[in-house]
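Text of the file upload.txt, holding compact mmCIF, C-alpha atoms:
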# COMPACT_ATOMS: atom_id res chain seq x y z
CA MET A 1 -33.60 -18.69 -18.96
CA VAL A 2 -31.47 -16.48 -16.74
CA PRO A 3 -33.57 -14.10 -14.65
CA ILE A 4 -32.72 -10.45 -15.19
CA GLY A 5 -33.00 -7.94 -12.38
CA ASP A 6 -31.24 -4.77 -11.37
CA ASN A 7 -28.73 -6.63 -9.26
CA THR A 8 -28.24 -9.88 -11.11
CA PRO A 9 -24.78 -10.48 -12.52
CA ALA A 10 -26.30 -11.11 -15.94
CA ALA A 11 -27.75 -7.61 -15.97
CA LEU A 12 -24.37 -6.17 -15.11
CA LEU A 13 -22.84 -7.71 -18.19
CA VAL A 14 -24.26 -4.88 -20.27
CA LEU A 15 -21.81 -2.58 -18.50
CA LEU A 16 -18.85 -4.49 -19.84
CA PRO A 17 -17.12 -2.63 -22.67
CA SER A 18 -16.32 -4.27 -25.98
CA ASP A 19 -14.05 -7.28 -25.84
CA GLU A 20 -11.32 -5.31 -27.53
CA GLU A 21 -11.49 -2.64 -24.85
CA ILE A 22 -11.64 -5.23 -22.10
CA PHE A 23 -8.38 -6.80 -23.21
CA GLN A 24 -6.76 -3.43 -23.64
CA HIS A 25 -7.53 -2.51 -20.02
CA LEU A 26 -6.47 -5.93 -18.80
CA GLU A 27 -3.20 -5.52 -20.64
CA HIS A 28 -2.62 -2.25 -18.83
CA PHE A 29 -3.52 -3.92 -15.58
CA GLU A 30 -1.00 -6.68 -16.22
CA LYS A 31 1.67 -4.21 -17.23
CA ARG A 32 1.23 -1.55 -14.56
CA ALA A 33 -0.70 -2.85 -11.59
CA GLN A 34 1.74 -5.42 -10.34
CA SER A 35 3.70 -4.24 -7.34
CA CYS A 36 1.88 -0.91 -7.24
CA SER A 37 -1.82 -1.69 -6.99
CA PHE A 38 -1.78 -5.43 -6.52
CA PRO A 39 0.93 -7.98 -5.69
CA HIS A 40 0.35 -10.29 -8.63
CA VAL A 41 -1.73 -10.80 -11.74
CA PRO A 42 -4.43 -13.31 -10.83
CA ASP A 43 -4.67 -16.23 -13.24
CA GLU A 44 -8.35 -15.46 -13.57
CA VAL A 45 -7.74 -12.17 -15.33
CA THR A 46 -5.19 -13.46 -17.80
CA LYS A 47 -6.34 -13.16 -21.40
CA ILE A 48 -7.04 -16.84 -21.88
CA GLU A 49 -9.19 -17.12 -18.75
CA VAL A 50 -11.18 -14.00 -19.51
CA GLU A 51 -11.74 -15.21 -23.06
CA ARG A 52 -13.14 -18.44 -21.67
CA PHE A 53 -15.38 -16.50 -19.32
CA LEU A 54 -16.65 -14.20 -22.03
CA ALA A 55 -17.33 -17.06 -24.41
CA ASP A 56 -20.38 -17.90 -22.32
CA ARG A 57 -20.57 -14.75 -20.28
CA ARG A 58 -24.19 -14.91 -19.20
CA SER A 59 -23.98 -18.40 -17.83
CA ASN A 60 -20.54 -17.88 -16.33
CA ALA A 61 -21.55 -14.61 -14.68
CA ASN A 62 -24.27 -16.42 -12.83
CA LYS A 63 -22.11 -19.37 -11.95
CA ALA A 64 -19.18 -17.26 -10.79
CA PRO A 65 -20.22 -13.70 -9.89
CA ASP A 66 -16.97 -13.26 -7.97
CA MET A 67 -15.06 -13.84 -11.20
CA LEU A 68 -17.16 -11.14 -12.86
CA ALA A 69 -16.42 -8.86 -9.91
CA LEU A 70 -12.70 -9.52 -10.29
CA ILE A 71 -12.86 -8.68 -13.96
CA PHE A 72 -14.66 -5.43 -13.21
CA ALA A 73 -12.08 -4.55 -10.58
CA ALA A 74 -9.18 -5.35 -12.89
CA LEU A 75 -10.82 -3.27 -15.63
CA ALA A 76 -11.27 -0.32 -13.29
CA VAL A 77 -7.66 -0.47 -12.12
CA GLY A 78 -6.36 -1.13 -15.63
CA MET A 79 -8.29 1.82 -17.00
CA GLN A 80 -7.06 4.07 -14.22
CA ILE A 81 -3.39 3.23 -14.44
CA GLY A 82 -3.44 2.90 -18.21
CA VAL A 83 -4.38 6.54 -18.75
CA TYR A 84 -0.75 7.48 -19.18
CA ASP A 85 -0.03 4.81 -21.78
CA ARG A 86 -3.26 5.35 -23.69
CA ASN A 87 -2.69 9.06 -23.87
CA GLY A 88 0.65 9.09 -25.64
CA SER A 89 2.78 8.83 -22.51
CA GLN A 90 1.38 11.86 -20.80
CA TRP A 91 -1.13 12.75 -18.14
CA THR A 92 -3.98 15.05 -19.06
CA GLN A 93 -6.91 16.13 -16.97
CA ALA A 94 -9.42 15.15 -19.66
CA SER A 95 -8.14 11.61 -19.97
CA MET A 96 -8.08 11.16 -16.21
CA ASP A 97 -11.65 12.47 -15.93
CA GLU A 98 -12.75 10.08 -18.65
CA SER A 99 -11.29 7.09 -16.86
CA HIS A 100 -12.81 8.28 -13.61
CA ILE A 101 -16.31 8.30 -15.11
CA ALA A 102 -15.94 4.83 -16.59
CA GLY A 103 -14.46 3.57 -13.35
CA LYS A 104 -17.48 4.85 -11.47
CA ALA A 105 -19.79 2.63 -13.49
CA TRP A 106 -17.69 -0.40 -12.75
CA ARG A 107 -17.52 0.46 -9.08
CA LYS A 108 -21.31 0.52 -9.05
CA SER A 109 -21.23 -2.87 -10.72
CA LEU A 110 -19.13 -4.21 -7.90
CA HIS A 111 -21.48 -2.68 -5.39
CA SER A 112 -24.42 -4.35 -7.11
CA LEU A 113 -22.64 -7.67 -7.01
CA VAL A 114 -22.07 -7.30 -3.31
CA CYS A 115 -25.73 -6.40 -2.76
CA TYR A 116 -26.85 -9.31 -4.87
CA SER A 117 -24.60 -11.75 -3.05
CA THR A 118 -25.61 -10.62 0.40
CA SER A 119 -29.31 -10.74 -0.38
CA HIS A 120 -29.28 -14.34 -1.60
CA MET B 1 -28.80 -20.08 -10.06
CA GLN B 2 -28.88 -22.33 -7.07
CA ALA B 3 -25.08 -22.41 -6.93
CA LEU B 4 -25.01 -18.63 -7.06
CA ARG B 5 -27.48 -18.32 -4.23
CA HIS B 6 -25.06 -20.27 -2.11
CA ALA B 7 -22.10 -18.21 -3.24
CA SER B 8 -22.79 -15.35 -0.87
CA PHE B 9 -20.10 -12.73 -0.93
CA LEU B 10 -19.84 -12.05 2.77
CA ASN B 11 -20.74 -15.24 4.55
CA THR B 12 -19.00 -17.50 2.06
CA PRO B 13 -15.96 -15.53 1.01
CA THR B 14 -13.75 -16.71 -1.80
CA LEU B 15 -10.18 -15.90 -2.74
CA LEU B 16 -11.50 -14.26 -5.88
CA GLY B 17 -13.79 -12.04 -3.84
CA ILE B 18 -11.00 -11.01 -1.49
CA GLN B 19 -8.67 -10.30 -4.38
CA THR B 20 -11.39 -8.12 -5.88
CA LEU B 21 -11.79 -6.13 -2.69
CA VAL B 22 -8.04 -5.75 -2.21
CA MET B 23 -7.74 -4.58 -5.79
CA MET B 24 -10.39 -1.92 -5.25
CA GLY B 25 -8.38 -0.30 -2.44
CA PRO B 26 -5.73 1.39 -4.59
CA TYR B 27 -8.37 2.23 -7.18
CA LEU B 28 -10.45 4.10 -4.60
CA THR B 29 -7.38 5.72 -3.10
CA ASN B 30 -6.26 7.04 -6.44
CA THR B 31 -9.68 8.51 -7.15
CA GLY B 32 -9.56 10.45 -3.91
CA ARG B 33 -11.83 8.10 -1.99
CA PHE B 34 -9.39 7.14 0.69
CA LEU B 35 -12.02 6.86 3.40
CA ASP B 36 -14.05 4.46 1.25
CA ALA B 37 -10.94 2.39 0.75
CA TRP B 38 -10.30 2.37 4.48
CA THR B 39 -13.79 1.12 5.29
CA LEU B 40 -13.77 -1.44 2.51
CA PHE B 41 -10.45 -2.73 3.74
CA GLY B 42 -11.95 -3.36 7.16
CA THR B 43 -14.48 -5.73 5.59
CA THR B 44 -11.72 -7.34 3.55
CA ILE B 45 -9.74 -8.07 6.70
CA ARG B 46 -12.72 -9.87 8.26
CA LEU B 47 -13.23 -11.92 5.13
CA ALA B 48 -9.54 -12.78 4.97
CA HIS B 49 -9.56 -13.89 8.59
CA SER B 50 -12.64 -16.01 8.00
CA MET B 51 -10.78 -17.76 5.19
CA GLY B 52 -7.71 -18.29 7.36
CA LEU B 53 -5.43 -16.18 5.21
CA HIS B 54 -3.46 -15.27 8.33
CA ARG B 55 -2.60 -18.93 8.92
CA ASN B 56 0.23 -20.88 7.38
CA PRO B 57 -1.52 -22.66 4.49
CA LYS B 58 0.36 -25.84 5.37
CA PHE B 59 -1.54 -26.04 8.64
CA LEU B 60 -4.94 -25.83 7.01
CA ASP B 61 -7.06 -28.91 6.66
CA PRO B 62 -7.25 -29.79 3.85
CA VAL B 63 -3.99 -28.24 2.69
CA PRO B 64 -4.78 -26.06 -0.35
CA PRO B 65 -3.05 -26.72 -3.67
CA LEU B 66 0.42 -25.26 -4.05
CA ARG B 67 -0.79 -22.46 -6.30
CA GLU B 68 -3.45 -21.41 -3.81
CA CYS B 69 -0.91 -21.53 -0.97
CA MET B 70 1.24 -19.06 -2.90
CA ILE B 71 -1.71 -16.76 -3.56
CA ARG B 72 -2.75 -16.86 0.09
CA ARG B 73 0.73 -15.90 1.28
CA THR B 74 1.11 -13.14 -1.30
CA LEU B 75 -2.32 -11.76 -0.57
CA TRP B 76 -1.96 -11.82 3.20
CA TRP B 77 1.41 -10.04 3.22
CA TRP B 78 0.09 -7.50 0.76
CA MET B 79 -2.81 -6.89 3.15
CA LEU B 80 -0.42 -6.49 6.08
CA HIS B 81 1.46 -3.92 4.06
CA MET B 82 -1.69 -2.09 2.99
CA ASP B 83 -2.97 -2.12 6.54
CA GLN B 84 0.03 -0.23 7.84
CA GLN B 85 -0.18 2.16 4.90
CA TYR B 86 -3.76 3.04 5.70
CA SER B 87 -2.97 3.30 9.38
CA VAL B 88 0.06 5.53 8.98
CA THR B 89 -1.66 7.77 6.43
CA LEU B 90 -4.89 8.30 8.32
CA GLY B 91 -3.38 8.09 11.79
CA ARG B 92 -5.80 5.38 12.77
CA PRO B 93 -5.22 2.04 14.49
CA LEU B 94 -4.12 -0.98 12.54
CA GLY B 95 -6.97 -3.08 11.24
CA ILE B 96 -5.15 -6.41 11.45
CA SER B 97 -4.45 -7.19 15.08
CA GLY B 98 -1.82 -9.87 14.53
CA ILE B 99 0.46 -10.91 11.70
CA GLY B 100 -0.48 -14.57 12.17
CA ASP B 101 1.77 -17.45 11.21
CA CYS B 102 1.42 -17.11 7.46
CA PRO B 103 4.99 -16.94 6.09
CA PRO B 104 5.94 -14.23 3.61
CA PRO B 105 5.59 -15.17 -0.05
CA GLU B 106 8.54 -16.71 -1.81
CA PRO B 107 9.54 -14.47 -4.70
CA LEU B 108 9.35 -16.03 -8.12
CA THR B 109 12.41 -14.27 -9.46
CA THR B 110 16.19 -14.54 -9.40
CA ASN B 111 16.70 -10.81 -9.89
CA GLN B 112 18.77 -9.78 -6.88
CA THR B 113 17.49 -6.21 -6.86
CA VAL B 114 13.89 -7.35 -6.86
CA LEU B 115 14.64 -9.93 -4.19
CA ARG B 116 16.25 -7.34 -1.92
CA LEU B 117 13.42 -4.91 -2.45
CA GLY B 118 10.93 -7.66 -1.59
CA GLU B 119 12.81 -8.43 1.62
CA PHE B 120 12.94 -4.75 2.43
CA VAL B 121 9.19 -4.42 2.03
CA ASN B 122 8.49 -7.41 4.26
CA HIS B 123 10.87 -6.25 7.00
CA PHE B 124 9.56 -2.73 6.78
CA THR B 125 6.00 -3.99 7.08
CA ILE B 126 6.90 -5.74 10.33
CA VAL B 127 8.78 -2.79 11.83
CA ALA B 128 6.15 -0.25 10.80
CA ARG B 129 3.42 -2.41 12.28
CA GLN B 130 5.37 -2.67 15.53
CA ILE B 131 5.66 1.10 15.66
CA LEU B 132 1.99 1.64 14.88
CA GLY B 133 0.98 -1.12 17.27
CA SER B 134 2.56 0.75 20.15
CA ASP B 135 -0.37 3.17 20.01
CA GLY B 136 1.87 6.12 20.80
CA MET B 137 3.00 4.68 24.12
CA MET B 138 6.70 4.11 23.79
CA SER B 139 9.78 4.86 25.87
CA VAL B 140 12.49 7.01 24.36
CA GLY B 141 14.79 4.00 24.36
CA LYS B 142 12.27 2.09 22.32
CA ILE B 143 11.84 5.02 19.95
CA ASP B 144 15.57 5.06 19.36
CA GLU B 145 15.56 1.31 18.86
CA TYR B 146 12.95 1.62 16.13
CA THR B 147 14.77 4.60 14.67
CA ASP B 148 17.89 2.48 14.32
CA LYS B 149 15.86 -0.33 12.82
CA LEU B 150 14.38 1.98 10.21
CA LEU B 151 17.70 3.51 9.32
CA GLY B 152 19.33 0.07 9.25
CA LEU B 153 16.55 -1.12 7.00
CA TRP B 154 17.08 1.82 4.68
CA ASP B 155 20.69 0.70 4.27
CA THR B 156 19.52 -2.69 3.04
CA MET B 157 17.76 -1.05 0.10
CA PRO B 158 19.92 -1.42 -3.04
CA VAL B 159 21.78 1.85 -3.58
CA THR B 160 20.29 2.29 -7.04
CA LEU B 161 16.83 2.22 -5.48
CA GLN B 162 17.50 4.69 -2.69
CA PHE B 163 15.28 7.58 -3.68
CA ASN B 164 16.85 11.00 -3.27
CA GLU B 165 16.67 14.53 -4.57
CA SER B 166 18.76 13.75 -7.63
CA TRP B 167 15.84 11.75 -9.01
CA THR B 168 14.09 14.99 -9.86
CA ARG B 169 16.97 16.09 -12.09
CA PRO B 170 16.83 15.26 -15.80
CA GLU B 171 20.40 13.94 -15.95
CA THR B 172 19.81 11.23 -13.37
CA VAL B 173 19.31 7.75 -14.77
CA LEU B 174 16.39 6.19 -12.96
CA PRO B 175 15.77 2.51 -12.27
CA ASP B 176 13.47 0.66 -14.61
CA TRP B 177 9.74 0.47 -14.05
CA PRO B 178 8.33 -0.49 -11.62
CA LEU B 179 11.36 -0.35 -9.36
CA ASP B 180 11.58 3.45 -9.55
CA VAL B 181 8.04 4.08 -8.37
CA MET B 182 8.23 1.28 -5.84
CA SER B 183 11.42 2.53 -4.27
CA ALA B 184 10.16 6.12 -4.23
CA SER B 185 7.00 5.05 -2.45
CA LYS B 186 8.97 2.92 0.01
CA CYS B 187 11.07 5.95 0.78
CA VAL B 188 7.90 7.83 1.60
CA ARG B 189 6.75 5.00 3.80
CA ILE B 190 9.94 4.81 5.79
CA PHE B 191 10.02 8.54 6.23
CA MET B 192 6.39 8.59 7.32
CA SER B 193 7.05 5.88 9.87
CA HIS B 194 9.97 7.78 11.21
CA HIS B 195 7.89 10.88 11.40
CA MET B 196 5.34 8.90 13.37
CA LEU B 197 8.13 7.90 15.76
CA THR B 198 9.11 11.50 16.19
CA LEU B 199 5.56 12.47 16.95
CA THR B 200 5.36 9.62 19.42
CA GLN B 201 8.36 11.06 21.12
CA ARG B 202 6.79 14.46 21.16
CA CYS B 203 3.71 12.99 22.81
CA SER B 204 5.81 11.11 25.33
CA LEU B 205 7.63 14.29 26.22
CA LYS B 206 4.35 16.05 26.78
CA CYS B 207 2.94 13.21 28.83
CA SER B 208 5.95 12.31 30.88
CA PRO B 209 8.99 14.55 30.61
CA SER B 210 10.84 12.49 33.16
CA SER B 211 10.83 9.49 30.89
CA TYR B 212 13.15 11.31 28.58
CA TYR B 213 15.73 12.22 31.19
CA SER B 214 15.76 8.78 32.74
CA THR B 215 16.60 7.15 29.44
CA ALA B 216 18.65 9.88 27.82
CA SER B 217 21.77 7.74 28.05
CA GLU B 218 20.13 5.14 25.83
CA THR B 219 19.92 7.64 23.00
CA SER B 220 21.67 6.23 20.00
CA VAL B 221 24.43 8.20 18.36
CA PRO B 222 23.22 9.68 15.11
CA ARG B 223 25.01 8.69 11.94
CA ASP B 224 25.29 12.12 10.45
CA PRO B 225 28.76 13.48 11.37
CA HIS B 226 27.43 16.96 12.12
CA LEU B 227 24.75 15.58 14.34
CA GLN B 228 27.24 13.25 15.96
CA HIS B 229 29.46 16.19 16.77
CA HIS B 230 26.54 18.11 18.20
CA HIS B 231 25.42 15.13 20.18
CA GLN B 232 28.79 14.35 21.72
CA HIS B 233 29.48 17.91 22.74
CA THR B 234 26.24 18.57 24.50
CA PRO B 235 27.32 19.41 28.03
CA THR B 236 25.90 17.01 30.55
CA HIS B 237 24.89 19.71 32.95
CA SER B 238 22.83 21.48 30.34
CA ARG B 239 21.15 18.36 29.01
CA ALA B 240 18.15 18.77 31.24
CA SER B 241 17.27 22.04 29.58
CA THR B 242 18.27 21.33 26.01
CA ALA B 243 18.21 17.58 25.52
CA PRO B 244 14.59 17.11 24.47
CA ARG B 245 14.92 19.70 21.73
CA ILE B 246 18.23 18.29 20.53
CA HIS B 247 17.00 14.75 20.63
CA HIS B 248 13.93 15.70 18.67
CA ARG B 249 16.10 17.44 16.12
CA VAL B 250 18.39 14.47 15.88
CA LEU B 251 15.49 12.27 15.00
CA VAL B 252 14.03 14.53 12.37
CA VAL B 253 17.11 16.03 10.77
CA GLY B 254 18.93 12.72 10.96
CA THR B 255 16.34 11.10 8.78
CA ILE B 256 16.15 13.97 6.37
CA SER B 257 19.92 14.07 5.91
CA ILE B 258 20.26 10.35 5.41
CA ILE B 259 17.35 9.85 3.09
CA LYS B 260 17.93 13.22 1.43
CA LEU B 261 14.32 14.10 0.83
CA PRO B 262 13.49 17.50 -0.60
CA SER B 263 13.43 20.02 2.20
CA VAL B 264 9.90 20.99 1.23
CA VAL B 265 8.63 17.92 2.99
CA VAL B 266 9.83 19.05 6.39
CA LEU B 267 6.65 20.58 7.72
CA TRP B 268 5.75 21.01 11.30
CA SER B 269 2.72 22.26 13.12
CA SER B 270 1.63 22.37 16.70
CA THR B 271 -0.86 19.56 16.28
CA ALA B 272 0.90 16.30 15.91
CA ARG B 273 -1.81 14.44 14.03
CA SER B 274 -2.58 17.16 11.54
CA SER B 275 1.11 17.72 11.10
CA PHE B 276 1.60 14.09 10.30
CA TYR B 277 -1.26 13.95 7.84
CA ARG B 278 -0.06 17.14 6.20
CA LEU B 279 3.43 15.75 5.93
CA SER B 280 2.31 12.50 4.38
CA SER B 281 0.20 14.42 1.90
CA SER B 282 3.12 16.71 1.10
CA LEU B 283 5.38 13.75 0.51
CA ARG B 284 2.90 12.19 -1.83
CA ILE B 285 2.45 15.47 -3.64
CA ALA B 286 6.21 15.96 -3.90
CA ILE B 287 6.67 12.53 -5.40
CA LYS B 288 3.68 12.93 -7.66
CA GLN B 289 4.99 16.27 -8.86
CA SER B 290 8.13 14.47 -9.89
CA LEU B 291 6.03 11.88 -11.64
CA TYR B 292 3.92 14.45 -13.42
CA ALA B 293 6.99 16.39 -14.36
CA GLY B 294 8.02 13.34 -16.28
CA ARG B 295 11.09 12.57 -14.24
CA LEU B 296 9.80 9.15 -13.36
CA GLY B 297 8.99 8.63 -17.02
CA SER B 298 6.23 6.31 -18.03
CA LYS B 299 5.23 5.53 -14.50
CA PRO B 300 1.71 5.89 -13.27
CA SER B 301 1.63 7.56 -9.88
CA MET B 302 0.22 4.69 -7.91
CA LEU B 303 1.89 5.50 -4.65
CA LEU B 304 -0.78 4.22 -2.35
Rewrite the coordinates I just gave you, this time as structure tokens.
Amino acid sequence: MVPIGDNTPAALLVLLPSDEEIFQHLEHFEKRAQSCSFPHVPDEVTKIEVERFLADRRSNANKAPDMLALIFAALAVGMQIGVYDRNGSQWTQASMDESHIAGKAWRKSLHSLVCYSTSH
Amino acid sequence: MQALRHASFLNTPTLLGIQTLVMMGPYLTNTGRFLDAWTLFGTTIRLAHSMGLHRNPKFLDPVPPLRECMIRRTLWWWMLHMDQQYSVTLGRPLGISGIGDCPPPEPLTTNQTVLRLGEFVNHFTIVARQILGSDGMMSVGKIDEYTDKLLGLWDTMPVTLQFNESWTRPETVLPDWPLDVMSASKCVRIFMSHHMLTLTQRCSLKCSPSSYYSTASETSVPRDPHLQHHHQHTPTHSRASTAPRIHHRVLVVGTISIIKLPSVVVLWSSTARSSFYRLSSSLRIAIKQSLYAGRLGSKPSMLL
């Protein structure tokens, strides 16, 4: 039984969007982030690795919280830089605001992971 | 659970954790939280040092697997680059005190344009860090030396990637993604560094006017023909009264004319630091306006 608390990685899993949305954001990350936001696409956020992680997400999140943090970070960046592509190749204020709100939640997730890690 | 308890984020850093933190920098920057990014990056630097990212992976014991060696090199040089970006944008000291002996990453491509751009970025990172590392204390001769280095470096950029005003015109064919955005942002970087040099000179003139006159002969000849003409015909006897102003102009206008940035970016104010910050912001806005106007096509405006 995995203990659930405000800062445990398992509790943060509820903040993950649907798998479909996860892979959409990761695709945007892979397509747009390289060279602009990050020098390379880490193997750990490739589709196959994330699928493996999500297959047993609760257990894996506890075993490798840094992997979960990396996924959250890649999702936040992917969502941010994918606004243009998702919105019919144009920037709109509404779509940017939407991504900003979702990104905030994931940033809090990262913060929680840091708190959890430093307190154990 | 026990394994997780031992996997503490700060006292047992991992490559995954550092990659996460590095990744968050641009995200925070692009949501207007530049100061958060700056602080977070300070922690990231400590973690990277504690993992020996600044060292040549081959010297580590045990030597990491080849794949990890590549990630370490890529990550460290990206951090060096980010460090100078934060420093030059906020006008604060560099966070990483030394480059270390970690060699630059070996590009995994045979595309000559990408290879040259990669070399440009690495060389620029070194030069920009040298400029920023001087902490504003630099002789005029040294300023000119760095000016020449920056301009020489600009010439190594593939012509098709040399950002200029024509990029804002619809008829101009732009390089493919992500080379267009990358080269535009590198242009901003090089101009910002040069601006920093100019401000350094301004400070040095204020602090020690004599330093200018004693090294005036070291002043390099500007490349722009008009400036060259002006420079060569400055009467020696009048140099004492006019040289600082001319030299200053040579530095600023020389860069503008060579890089051909929109004139809107040439802003000056009496306070060097605020002027610099305002300029860097204006440059970013100018480029972003181009991006938003659709001239840089389907390119997210991740300039920082």
What does the distance between atom CA of B:Ile126 and atom CA of A:Gly78 come to in Å, to one decimal place?
->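 It comes out at 29.5 Å.
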task = Would you list the contacts of A:His100 as a PyMOL selection string, taking every protein, DNA or RNA residue within 12 Å and counting all atoms listed in the file, but skipping same-chain residues closer than 5 positions in sequence?
result = (chain A and resi 75-83+93-95+105-107) or (chain B and resi 27-28+30-33)
Between A:Met96, A:Ala11, A:Ile71, A:Ala33, which one has atoms that come closest to A:Leu54, using only C-alpha atoms?
->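 So, comparing all the options, the nearest one is A:Ile71.
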Review point. What is the atom CA of A:Ile22 to atom CA of A:Glu51 distance in Å?
Key: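 Rounded to one decimal, the two atoms are 10.0 Å apart.
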Between atom CA of B:Glu68 and atom CA of B:Thr14, what is the distance in Å, rounded to a tenth?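 Interatomic distance here is 11.5 Å.
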For A:Arg57, work out the shell of residues within 12 Å, counting all atoms listed in the file and skipping chain neighbours fewer than 6 positions away, then give it as a ChimeraX atom specification. /A:2,9-14,16,19,49-51,63-65,67-68,71
Polymer residues at most 12 Å from B:Arg46, only C-alpha atoms, same-chain spacing of 5 or more positions, as a ChimeraX atom specification:
/B:10-13,18,21,39-41,51-54,79,95-97
| query | A:Asp43: which residues within 12 Å, counting only C-alpha atoms, same-chain residues fewer than 2 positions away excluded, as a PyMOL selection string? | reply | (chain A and resi 26+30+40-41+45-50+67+70-71+74) or (chain B and resi 15-16+19+67-68+71)
Go ahead and write the selection's residues with C-alpha atoms as a CSV table (one decimal), in the coordinates of the input.
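Once written, selection01.csv looks like this:
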chain,number,residue,atom,x,y,z
A,26,LEU,CA,-6.5,-5.9,-18.8
A,30,GLU,CA,-1.0,-6.7,-16.2
A,40,HIS,CA,0.4,-10.3,-8.6
A,41,VAL,CA,-1.7,-10.8,-11.7
A,45,VAL,CA,-7.7,-12.2,-15.3
A,46,THR,CA,-5.2,-13.5,-17.8
A,47,LYS,CA,-6.3,-13.2,-21.4
A,48,ILE,CA,-7.0,-16.8,-21.9
A,49,GLU,CA,-9.2,-17.1,-18.8
A,50,VAL,CA,-11.2,-14.0,-19.5
A,67,MET,CA,-15.1,-13.8,-11.2
A,70,LEU,CA,-12.7,-9.5,-10.3
A,71,ILE,CA,-12.9,-8.7,-14.0
A,74,ALA,CA,-9.2,-5.4,-12.9
B,15,LEU,CA,-10.2,-15.9,-2.7
B,16,LEU,CA,-11.5,-14.3,-5.9
B,19,GLN,CA,-8.7,-10.3,-4.4
B,67,ARG,CA,-0.8,-22.5,-6.3
B,68,GLU,CA,-3.4,-21.4,-3.8
B,71,ILE,CA,-1.7,-16.8,-3.6
- request: Using all atoms listed in the file, find the one residue out of B:Leu47, B:Ala128, B:Met138, B:Leu117 that sits nearest to B:Val159.
  value: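 That would be B:Leu117, the residue with the smallest distance to B:Val159.
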Residue among A:Ala55, A:Ile101, A:Ala69, A:Leu15 lying closest to chain B, counting all atoms listed in the file: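 Among the listed residues, A:Ala69 lies closest to chain B.
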Please reconstruct the missing atoms of stretch 75-86 of chain A (target: N, CA and C atoms) and return them as a tab-separated table (two decimals), keeping the file's coordinate frame.
chain	number	residue	atom	x	y	z
A	75	LEU	N	-10.56	-4.26	-14.57
A	75	LEU	CA	-10.82	-3.27	-15.63
A	75	LEU	C	-10.71	-1.84	-15.08
A	76	ALA	N	-11.30	-1.66	-13.89
A	76	ALA	CA	-11.27	-0.32	-13.29
A	76	ALA	C	-9.83	0.11	-13.00
A	77	VAL	N	-9.05	-0.81	-12.43
A	77	VAL	CA	-7.66	-0.47	-12.12
A	77	VAL	C	-6.86	-0.28	-13.41
A	78	GLY	N	-7.09	-1.21	-14.36
A	78	GLY	CA	-6.36	-1.13	-15.63
A	78	GLY	C	-6.66	0.16	-16.37
A	79	MET	N	-7.92	0.57	-16.33
A	79	MET	CA	-8.29	1.82	-17.00
A	79	MET	C	-7.62	3.01	-16.30
A	80	GLN	N	-7.63	2.95	-14.98
A	80	GLN	CA	-7.06	4.07	-14.22
A	80	GLN	C	-5.56	4.21	-14.44
A	81	ILE	N	-4.85	3.10	-14.34
A	81	ILE	CA	-3.39	3.23	-14.44
A	81	ILE	C	-2.90	3.17	-15.88
A	82	GLY	N	-3.85	2.93	-16.81
A	82	GLY	CA	-3.44	2.90	-18.21
A	82	GLY	C	-3.63	4.23	-18.90
A	83	VAL	N	-4.12	5.22	-18.15
A	83	VAL	CA	-4.38	6.54	-18.75
A	83	VAL	C	-3.11	7.09	-19.41
A	84	TYR	N	-2.02	6.95	-18.69
A	84	TYR	CA	-0.75	7.48	-19.18
A	84	TYR	C	-0.35	6.84	-20.51
A	85	ASP	N	-0.44	5.53	-20.57
A	85	ASP	CA	-0.03	4.81	-21.78
A	85	ASP	C	-0.98	5.07	-22.94
A	86	ARG	N	-2.27	5.15	-22.62
A	86	ARG	CA	-3.26	5.35	-23.69
A	86	ARG	C	-3.19	6.75	-24.27
